[in-house]
>>> print(open('model.pdb').read())   # PDB, C-alpha atoms, pLDDT in the B column
ATOM      1  CA  MET M  21     -37.582 184.279 192.518  1.00 53.00           C
ATOM      2  CA  THR M  22     -40.779 182.417 191.698  1.00 52.00           C
ATOM      3  CA  ALA M  23     -41.157 179.366 189.555  1.00 51.00           C
ATOM      4  CA  SER M  24     -43.203 179.930 186.478  1.00 51.00           C
ATOM      5  CA  ALA M  25     -45.648 177.386 185.132  1.00 50.00           C
ATOM      6  CA  PRO M  26     -44.341 175.390 182.175  1.00 49.00           C
ATOM      7  CA  ASP M  27     -45.534 176.481 178.786  1.00 49.00           C
ATOM      8  CA  PRO M  28     -48.446 174.160 177.828  1.00 48.00           C
ATOM      9  CA  GLY M  29     -47.133 173.958 174.279  1.00 50.00           C
ATOM     10  CA  THR M  30     -43.841 172.423 175.424  1.00 46.00           C
ATOM     11  CA  ALA M  31     -45.045 170.169 178.243  1.00 46.00           C
ATOM     12  CA  PRO M  32     -43.738 166.603 177.920  1.00 46.00           C
ATOM     13  CA  ASP M  33     -46.186 164.040 176.675  1.00 43.00           C
ATOM     14  CA  PRO M  34     -46.643 161.390 179.417  1.00 44.00           C
ATOM     15  CA  ASP M  35     -47.354 158.723 176.779  1.00 43.00           C
ATOM     16  CA  ALA M  36     -44.405 159.596 174.528  1.00 39.00           C
ATOM     17  CA  ASP M  37     -42.267 156.680 175.700  1.00 40.00           C
ATOM     18  CA  ARG M  38     -45.043 154.080 175.672  1.00 39.00           C
ATOM     19  CA  ASP M  39     -46.133 151.913 172.782  1.00 38.00           C
ATOM     20  CA  VAL M  40     -49.755 152.980 172.897  1.00 37.00           C
ATOM     21  CA  PRO M  41     -52.128 151.818 170.164  1.00 40.00           C
ATOM     22  CA  ASP M  42     -53.918 154.476 168.160  1.00 42.00           C
ATOM     23  CA  THR M  43     -57.389 153.917 169.592  1.00 40.00           C
ATOM     24  CA  ASP M  44     -58.863 156.704 167.484  1.00 46.00           C
ATOM     25  CA  ARG M  45     -58.425 154.552 164.397  1.00 50.00           C
ATOM     26  CA  ASP M  46     -58.944 151.111 165.928  1.00 55.00           C
ATOM     27  CA  PRO M  47     -60.503 150.945 169.388  1.00 54.00           C
ATOM     28  CA  GLY M  48     -59.580 147.259 169.760  1.00 59.00           C
ATOM     29  CA  ALA M  49     -55.951 147.758 168.723  1.00 55.00           C
ATOM     30  CA  VAL M  50     -53.329 146.059 170.826  1.00 54.00           C
ATOM     31  CA  PRO M  51     -49.617 146.584 170.274  1.00 53.00           C
ATOM     32  CA  PRO M  52     -48.161 143.510 168.548  1.00 63.00           C
ATOM     33  CA  VAL M  53     -46.114 141.233 170.755  1.00 78.00           C
ATOM     34  CA  GLU M  54     -42.891 139.979 169.228  1.00 88.00           C
ATOM     35  CA  LEU M  55     -41.857 136.358 169.059  1.00 91.00           C
ATOM     36  CA  SER M  56     -39.687 135.024 171.838  1.00 93.00           C
ATOM     37  CA  ALA M  57     -35.994 134.408 171.263  1.00 94.00           C
ATOM     38  CA  ARG M  58     -36.648 130.653 171.374  1.00 94.00           C
ATOM     39  CA  ALA M  59     -39.388 130.928 168.731  1.00 95.00           C
ATOM     40  CA  ARG M  60     -37.011 132.875 166.477  1.00 95.00           C
ATOM     41  CA  ALA M  61     -34.308 130.239 167.059  1.00 96.00           C
ATOM     42  CA  VAL M  62     -36.738 127.459 166.081  1.00 96.00           C
ATOM     43  CA  LEU M  63     -37.582 129.275 162.836  1.00 96.00           C
ATOM     44  CA  ALA M  64     -33.892 129.909 162.129  1.00 96.00           C
ATOM     45  CA  LEU M  65     -33.068 126.233 162.648  1.00 96.00           C
ATOM     46  CA  GLU M  66     -35.943 125.195 160.388  1.00 95.00           C
ATOM     47  CA  ARG M  67     -34.693 127.541 157.661  1.00 95.00           C
ATOM     48  CA  ARG M  68     -31.356 125.759 157.398  1.00 94.00           C
ATOM     49  CA  PRO M  69     -30.686 122.897 154.957  1.00 93.00           C
ATOM     50  CA  TRP M  70     -29.738 119.535 156.451  1.00 90.00           C
ATOM     51  CA  ALA M  71     -27.492 116.798 155.088  1.00 89.00           C
ATOM     52  CA  GLY M  72     -29.498 114.124 156.871  1.00 81.00           C
ATOM     53  CA  PRO M  73     -32.047 113.608 159.620  1.00 77.00           C
ATOM     54  CA  GLY M  74     -29.431 112.928 162.303  1.00 92.00           C
ATOM     55  CA  ALA M  75     -27.757 116.301 161.816  1.00 94.00           C
ATOM     56  CA  LYS M  76     -30.960 118.219 162.441  1.00 94.00           C
ATOM     57  CA  GLU M  77     -31.844 116.279 165.600  1.00 95.00           C
ATOM     58  CA  ARG M  78     -28.314 116.794 166.926  1.00 95.00           C
ATOM     59  CA  ALA M  79     -28.512 120.543 166.247  1.00 95.00           C
ATOM     60  CA  ILE M  80     -31.905 120.727 167.986  1.00 96.00           C
ATOM     61  CA  ARG M  81     -30.439 119.155 171.126  1.00 96.00           C
ATOM     62  CA  GLU M  82     -27.161 121.109 171.071  1.00 96.00           C
ATOM     63  CA  GLU M  83     -28.345 124.550 169.982  1.00 96.00           C
ATOM     64  CA  LEU M  84     -31.798 124.724 171.540  1.00 96.00           C
ATOM     65  CA  GLY M  85     -31.334 122.334 174.444  1.00 96.00           C
ATOM     66  CA  ILE M  86     -34.670 120.592 173.827  1.00 96.00           C
ATOM     67  CA  SER M  87     -35.725 117.205 172.497  1.00 96.00           C
ATOM     68  CA  PRO M  88     -36.714 116.833 168.833  1.00 95.00           C
ATOM     69  CA  VAL M  89     -40.268 115.958 169.953  1.00 96.00           C
ATOM     70  CA  ARG M  90     -40.558 119.270 171.844  1.00 96.00           C
ATOM     71  CA  TYR M  91     -39.015 121.095 168.870  1.00 96.00           C
ATOM     72  CA  PHE M  92     -41.686 119.803 166.515  1.00 95.00           C
ATOM     73  CA  GLN M  93     -44.425 120.649 169.015  1.00 96.00           C
ATOM     74  CA  LEU M  94     -43.137 124.227 169.151  1.00 95.00           C
ATOM     75  CA  LEU M  95     -42.752 124.350 165.373  1.00 96.00           C
ATOM     76  CA  ASN M  96     -46.329 123.155 164.782  1.00 95.00           C
ATOM     77  CA  ALA M  97     -47.657 125.847 167.104  1.00 95.00           C
ATOM     78  CA  LEU M  98     -45.460 128.467 165.422  1.00 95.00           C
ATOM     79  CA  ILE M  99     -46.727 127.817 161.918  1.00 95.00           C
ATOM     80  CA  GLU M 100     -50.220 128.742 163.105  1.00 94.00           C
ATOM     81  CA  ASP M 101     -48.985 131.958 164.756  1.00 95.00           C
ATOM     82  CA  GLU M 102     -49.401 135.147 162.721  1.00 94.00           C
ATOM     83  CA  ARG M 103     -46.357 136.679 164.455  1.00 95.00           C
ATOM     84  CA  ALA M 104     -44.222 133.870 163.033  1.00 95.00           C
ATOM     85  CA  LEU M 105     -45.675 134.536 159.595  1.00 95.00           C
ATOM     86  CA  ARG M 106     -44.647 138.202 159.877  1.00 94.00           C
ATOM     87  CA  GLU M 107     -41.191 137.191 161.150  1.00 94.00           C
ATOM     88  CA  ASP M 108     -40.396 134.596 158.457  1.00 95.00           C
ATOM     89  CA  PRO M 109     -43.113 134.317 155.790  1.00 95.00           C
ATOM     90  CA  VAL M 110     -41.112 132.091 153.432  1.00 96.00           C
ATOM     91  CA  THR M 111     -40.425 129.395 156.029  1.00 95.00           C
ATOM     92  CA  VAL M 112     -43.873 129.537 157.629  1.00 96.00           C
ATOM     93  CA  ASN M 113     -45.705 129.372 154.293  1.00 96.00           C
ATOM     94  CA  ARG M 114     -43.506 126.448 153.177  1.00 96.00           C
ATOM     95  CA  LEU M 115     -44.304 124.578 156.389  1.00 96.00           C
ATOM     96  CA  ARG M 116     -48.017 125.355 156.053  1.00 96.00           C
ATOM     97  CA  ARG M 117     -48.012 123.940 152.505  1.00 96.00           C
ATOM     98  CA  LEU M 118     -46.250 120.770 153.673  1.00 94.00           C
ATOM     99  CA  LYS M 119     -48.747 120.360 156.493  1.00 92.00           C
ATOM    100  CA  GLU M 120     -51.676 120.715 154.080  1.00 92.00           C
ATOM    101  CA  GLU M 121     -50.134 118.185 151.673  1.00 91.00           C
ATOM    102  CA  ARG M 122     -49.758 115.666 154.497  1.00 89.00           C
ATOM    103  CA  ARG M 123     -53.294 116.297 155.648  1.00 85.00           C
ATOM    104  CA  GLY M 124     -54.558 115.729 152.089  1.00 81.00           C
ATOM    105  CA  ARG M 125     -52.808 112.343 151.863  1.00 82.00           C
ATOM    106  CA  ARG M 126     -54.564 110.989 154.944  1.00 72.00           C
TER
END
>>> encode(input="model.pdb", output="structure tokens")
Amino acid sequence: MTASAPDPGTAPDPDADRDVPDTDRDPGAVPPVELSARARAVLALERRPWAGPGAKERAIREELGISPVRYFQLLNALIEDERALREDPVTVNRLRRLKEERRGRR
């Protein structure tokens, strides 16, 4: 009994399981990288309404395990990140508007 060669029409595609960009359409295409779990948690926390400033700072420390200063550093970097805009456009655009308003008052 001899092994026959696999039919070329049914051979498995070696790239089938990979997230390969379509370089025929866009040679510089790179697969988009998703936001980290922490970045998503920061956006989720920012989306919530707060009764007062103390409640938000407490939630930042308890839920994220970081200081409020570090939270706002992460948040400021996130609002400039296009991945964050795709993830949560309402929150990111609101924060961008607030940032521009503050910049205009200076």
>>> closest_residue(input="model.pdb", among="M:Leu115, M:Ala71, M:Ala104, M:Val62", to="Arg90 in chain M", atoms="all atoms listed in the file")
M:Val62
>>> residues_near_point(input="model.pdb", point="(-34.1, 115.4, 169.5)", cutoff="9 Å", atoms="all atoms listed in the file", output="ChimeraX atom specification")
/M:74,76-81,85-91
>>> atom_distance(input="model.pdb", atom1="CA of Arg58 in chain M", atom2="CA of Val110 in chain M")
18.5 Å
>>> atom_distance(input="model.pdb", atom1="CA of Leu118 in chain M", atom2="CA of Arg103 in chain M")
19.2 Å
>>> atom_distance(input="model.pdb", atom1="CA of Val112 in chain M", atom2="CA of Ile99 in chain M")
5.4 Å
>>> resolve_selection(input="model.pdb", expression="the PyMOL selection byres ((chain M and resi 105) around 12)", output="count of residues only")
24
>>> closest_residue(input="model.pdb", among="M:Arg125, M:Leu94, M:Arg117, M:Leu84", to="Ala61 in chain M", atoms="all atoms listed in the file")
M:Leu84
>>> closest_residue(input="model.pdb", among="M:Lys119, M:Arg67, M:Pro73, M:Ala57", to="Asn96 in chain M", atoms="only C-alpha atoms")
M:Lys119
>>> closest_residue(input="model.pdb", among="M:Arg123, M:Trp70, M:Ser56, M:Leu65", to="Phe92 in chain M", atoms="all atoms listed in the file")
M:Leu65
>>> axis_aligned_box(input="model.pdb", around="range 89-102 of chain M", padding_each_side="6 Å", output="AutoDock Vina command-line options")
--center_x -44.6 --center_y 125.6 --center_z 166.9 --size_x 23.2 --size_y 31.2 --size_z 21.9
